[in-house]
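Trainee: The structure's right below; bear with me while I get my questions together.
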Amino acid sequence: MQTDYRKYFENIPICPHCNQELSCCEAPPFHIGDGLGWGAEVLYICLNDDCSLFVNGWAQIEEQYGHSSSYRYMQLPNSKEANLMMVGSEDAFKGSVINLEQVESQNVRFQMEKQAIADLDSAIERKNLEPVMHLILDEAAAINGRKRAISMLVPINDLSCIDAIRNHKFRDTSLESECNIAIGRLLKANYKKECPYCSELIKSQAKTCMYCKKDL
Ligand SMILES: [Zn+2]
Ligand SMILES: [Zn+2]
């Protein structure tokens with residue numbers, strides 16, 4: 001299950017040092033110092049490089065501890081408590097900022113995946129290739145759903161699946177080879193083959209391709 005981060009964007013706190021909105025960051029799994037978790041999925045951190053806390057922190061830490069670091073202001077969700085996080089560079093935590101737009105698009109994608117998995121139950125009976133193809137071509141979908149979808153290609157027996165699969169770049173080569181096996185069976189069941197020169201579907205007994213006219 002993926003985390004739904006949307007709720008953390010409803011009330012984003014303001015930095016008391018620079019009055020800018022804090023950034024919603026994925027919480028690192030451990031406290032740097034004591035090995036305990038934060039007990040929170042996100043941290044609100046002021047990543048404004050012009051924030052007075054951050055700008056003045058370098059000199060303060062240099063003077064107090066003699067090393068090159070500064071502070072970022074941080075609040076936990078559901079707490080007004082002010083925390084200071086020591087950072088060694090301007091870039092610290094910037095890679096963990098959660099982007100709401102991205103969260104929402106992932107969420108839409110996830111809902112569509114869920115719907116497609118539900119639709120698989122009746123896909124064979126209704127000869128419905130749509131949820132099957134949706135899952136096969138969704139690289140972010142869970143592997144089990146995608147494998148189940150591939151297993152339905154032969155029973156649904158619709159040759160129109162071939163082009164989309166052939167044009168898809170699979171990250172997982174085992175899925176790709178399962179697709180290849182299924183397409184092989186599908187072609188055989190329909191007495192077809194793919195022309196080795198132009199990839200069009202032709203009769204399995206054809207001696208000449210009707211599309212590119214090449215001899216086979
Ligand atoms: Zn600030
Ligand atoms: Zn051909």
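In the structure tokens, the first chain shown is A, the next is B, and so on; residue numbers restart at 1 for each chain, and ligands run from 1 in the order shown.
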Taking only C-alpha atoms and all ligand atoms into account, report as number ranges by chain which residues have an atom no farther than 12 Å from an atom of ligand 2.
Mentor: A: 193-203, 206-216
Trainee: Would you tabulate, counting only C-alpha atoms and all ligand atoms, all residues of chain A that have an atom at most 12 Å from an atom of ligand 1, showing the closest pair of atoms and their distance in Å to one decimal, sorted by chain then ascending number, as a Markdown table?
Mentor:
```
| residue | atom | partner | partner_atom_place_in_ligand_line | distance |
| --- | --- | --- | --- | --- |
| A:Pro13 | CA | ligand 1 | 1 (Zn) | 10.7 |
| A:Ile14 | CA | ligand 1 | 1 (Zn) | 7.9 |
| A:Cys15 | CA | ligand 1 | 1 (Zn) | 4.6 |
| A:Pro16 | CA | ligand 1 | 1 (Zn) | 6.5 |
| A:His17 | CA | ligand 1 | 1 (Zn) | 4.7 |
| A:Cys18 | CA | ligand 1 | 1 (Zn) | 4.2 |
| A:Asn19 | CA | ligand 1 | 1 (Zn) | 6.4 |
| A:Gln20 | CA | ligand 1 | 1 (Zn) | 6.0 |
| A:Glu21 | CA | ligand 1 | 1 (Zn) | 8.0 |
| A:Leu22 | CA | ligand 1 | 1 (Zn) | 7.3 |
| A:Ser23 | CA | ligand 1 | 1 (Zn) | 10.0 |
| A:Tyr44 | CA | ligand 1 | 1 (Zn) | 10.8 |
| A:Ile45 | CA | ligand 1 | 1 (Zn) | 8.2 |
| A:Cys46 | CA | ligand 1 | 1 (Zn) | 4.7 |
| A:Leu47 | CA | ligand 1 | 1 (Zn) | 6.8 |
| A:Asn48 | CA | ligand 1 | 1 (Zn) | 5.7 |
| A:Asp49 | CA | ligand 1 | 1 (Zn) | 8.0 |
| A:Asp50 | CA | ligand 1 | 1 (Zn) | 7.5 |
| A:Cys51 | CA | ligand 1 | 1 (Zn) | 4.2 |
| A:Ser52 | CA | ligand 1 | 1 (Zn) | 6.7 |
| A:Leu53 | CA | ligand 1 | 1 (Zn) | 6.4 |
| A:Phe54 | CA | ligand 1 | 1 (Zn) | 7.2 |
| A:Val55 | CA | ligand 1 | 1 (Zn) | 9.5 |
| A:Asn56 | CA | ligand 1 | 1 (Zn) | 11.3 |
| A:Gly57 | CA | ligand 1 | 1 (Zn) | 11.6 |
| A:Tyr71 | CA | ligand 1 | 1 (Zn) | 9.8 |
| A:Arg72 | CA | ligand 1 | 1 (Zn) | 7.3 |
| A:Tyr73 | CA | ligand 1 | 1 (Zn) | 6.2 |
| A:Met74 | CA | ligand 1 | 1 (Zn) | 9.0 |
| A:Gln75 | CA | ligand 1 | 1 (Zn) | 11.3 |
| A:Ala82 | CA | ligand 1 | 1 (Zn) | 11.5 |
| A:Asn83 | CA | ligand 1 | 1 (Zn) | 11.9 |
| A:Leu84 | CA | ligand 1 | 1 (Zn) | 10.9 |
```
Trainee: Taking only C-alpha atoms into account, which of A:Ala141, A:Leu187, A:Met85, A:Ala40 comes nearest Asn107 in chain A?
Mentor: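 Comparing A:Ala141, A:Leu187, A:Met85, A:Ala40 against Asn107 in chain A, the winner is A:Ala141.
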Trainee: Write down as number ranges by chain the residues belonging to range 22-174 of chain A that are assigned alpha helix (DSSP H) by DSSP computed on the backbone.
Mentor: A: 52-65, 100-120, 129-137, 143-151, 153-156, 161-166, 173-174
Trainee: Just the number, please: distance in Å from CA of Ala118 in chain A to CA of Cys179 in chain A, one decimal.
Mentor: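 These atoms are spaced 20.9 Å apart.
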Trainee: With distances taken over only C-alpha atoms, which residue among A:Ala189, A:Ile183, A:Ile12, A:Cys25 lies nearest Ser151 in chain A?
Mentor: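 Checking each of A:Ala189, A:Ile183, A:Ile12, A:Cys25 against Ser151 in chain A, counting only C-alpha atoms, the winner is A:Ile183.
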